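A.B. asks: Take this structure first; my questions come after.
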Amino acid sequence: MMPVPRLMMFVTGLFLVCLPIVSMAQGAQVAFGSSQQDRNLPVEVTADNLNVNQNDGTATFTGNVVIGQGEMRLTAPRVLVVYLAGQTGIESLEATGGVTLVSGSDAAEGERADYNITTGIIEMHGDVLLVQGDNAITGETLFVDTNAGTARVSGRVKTVLQPQARQ
């Protein structure tokens, strides 16, 4: 039988080892993309169709939509572009119908993505899958900060951690 102080040390050690796993269940903070995204770069859009609404300052791209800005690519069946007042630039992008976001070697998929160009924040919702090399993380929501090059997954996060290979 283990003495009480040793048992307490064992339980404390076990708690400290499991703490990162518990915090991962609440939400996982990870890097995203190989570098910070420059929001001042031009945004290039290709699609099968374009409908422009001058009254509300929006444009709707449909059919095989591909949006690129620097090394970042977003694809979706439908993307609504909301322009800044006076149409001096883009305020936000709303992609729906199954969205893929790629930056460097990182990729994410979800049902919907909202990209606020002004803040540099992308929110993906609906069965999100984030793939980084051999690692994958799933959850309900992915928040990507293109300024910092970071991401956070929340909502029933699941991942498989691979032990580091021994040399």
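Residues are referred to by chain and number: the chain letter is A, B, ... according to the order shown in the structure tokens, the number counts from 1 in that chain, and ligands are numbered separately from 1 in the order shown.
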Excluding A:Asn53 and residues on its chain fewer than 6 positions from it, collect all residues at most 12 Å away from it, counting only C-alpha atoms, and give them as an MDAnalysis selection string.

C.D. replies: chainID A and resid 59:61 80:83 87

A.B. asks: For a quick check of understanding, using only C-alpha atoms, which of A:Asp56, A:Val131, A:Glu71, A:Leu101 has the smallest distance to A:Leu84?

C.D. replies: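 Smallest distance to A:Leu84 is found for A:Asp56.
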
A.B. asks: Within stretch 68-139 of chain A, find each residue whose DSSP state, derived from the backbone, is strand (DSSP E), and express the selection as a PyMOL selection string.

C.D. replies: chain A and resi 68-69+72-83+90-103+106-116+121-132+135-139

A.B. asks: Restricted to C-alpha atoms, what would the selected residues look like written as a compact mmCIF listing (two decimals), in the first residue's frame?

C.D. replies:
```txt
# COMPACT_ATOMS: atom_id res chain seq x y z
CA GLY A 68 -7.22 34.41 -52.63
CA GLN A 69 -5.34 36.94 -50.54
CA MET A 72 -4.51 32.25 -48.08
CA ARG A 73 -7.23 30.59 -50.19
CA LEU A 74 -10.94 30.20 -49.41
CA THR A 75 -13.29 28.09 -51.53
CA ALA A 76 -17.07 27.75 -51.25
CA PRO A 77 -20.20 27.40 -53.38
CA ARG A 78 -21.44 30.87 -52.35
CA VAL A 79 -19.70 33.98 -50.99
CA LEU A 80 -21.32 37.28 -50.07
CA VAL A 81 -18.92 40.24 -50.18
CA VAL A 82 -19.93 43.25 -48.07
CA TYR A 83 -18.21 46.48 -49.06
CA ILE A 90 -14.12 45.13 -48.49
CA GLU A 91 -15.61 44.95 -44.99
CA SER A 92 -16.33 41.23 -44.80
CA LEU A 93 -16.82 37.95 -46.62
CA GLU A 94 -19.55 35.43 -45.75
CA ALA A 95 -18.93 32.00 -47.29
CA THR A 96 -21.57 29.26 -47.07
CA GLY A 97 -22.41 25.81 -48.37
CA GLY A 98 -19.24 24.00 -47.31
CA VAL A 99 -16.08 26.08 -46.98
CA THR A 100 -12.39 25.21 -47.26
CA LEU A 101 -9.71 27.59 -45.95
CA VAL A 102 -6.04 26.96 -46.76
CA SER A 103 -3.02 28.92 -45.52
CA ASP A 106 -2.73 24.24 -42.87
CA ALA A 107 -6.29 23.61 -44.02
CA ALA A 108 -9.72 23.92 -42.39
CA GLU A 109 -13.20 22.88 -43.48
CA GLY A 110 -16.60 23.88 -42.15
CA GLU A 111 -20.16 24.65 -43.21
CA ARG A 112 -19.79 28.44 -43.00
CA ALA A 113 -17.01 31.03 -42.68
CA ASP A 114 -17.20 34.74 -41.86
CA TYR A 115 -14.06 36.79 -42.56
CA ASN A 116 -13.93 40.31 -41.13
CA ILE A 121 -10.68 37.39 -37.80
CA ILE A 122 -12.17 34.39 -39.57
CA GLU A 123 -14.91 32.37 -37.83
CA MET A 124 -15.75 28.95 -39.23
CA HIS A 125 -18.83 27.11 -37.96
CA GLY A 126 -20.39 23.68 -38.37
CA ASP A 127 -18.42 20.43 -38.06
CA VAL A 128 -15.06 22.14 -38.38
CA LEU A 129 -12.00 20.07 -39.30
CA LEU A 130 -8.53 21.62 -38.95
CA VAL A 131 -5.65 19.68 -40.54
CA GLN A 132 -2.01 20.51 -39.84
CA ASN A 135 -2.53 16.17 -36.99
CA ALA A 136 -6.26 16.85 -37.16
CA ILE A 137 -8.59 18.66 -34.76
CA THR A 138 -12.38 18.71 -34.98
CA GLY A 139 -14.85 21.00 -33.24
```

A.B. asks: Would you mind telling me which residue in A:Gly86, A:Ala148, A:Pro163, A:Val153 lies nearest to A:Gln54 when using only C-alpha atoms?

C.D. replies: A:Gly86

A.B. asks: Would you compute the distance between atom CA of A:Thr46 and atom CA of A:Val66? Give it in Å to one decimal.

C.D. replies: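 One can read the atom CA of A:Thr46 to atom CA of A:Val66 distance as 5.3 Å.
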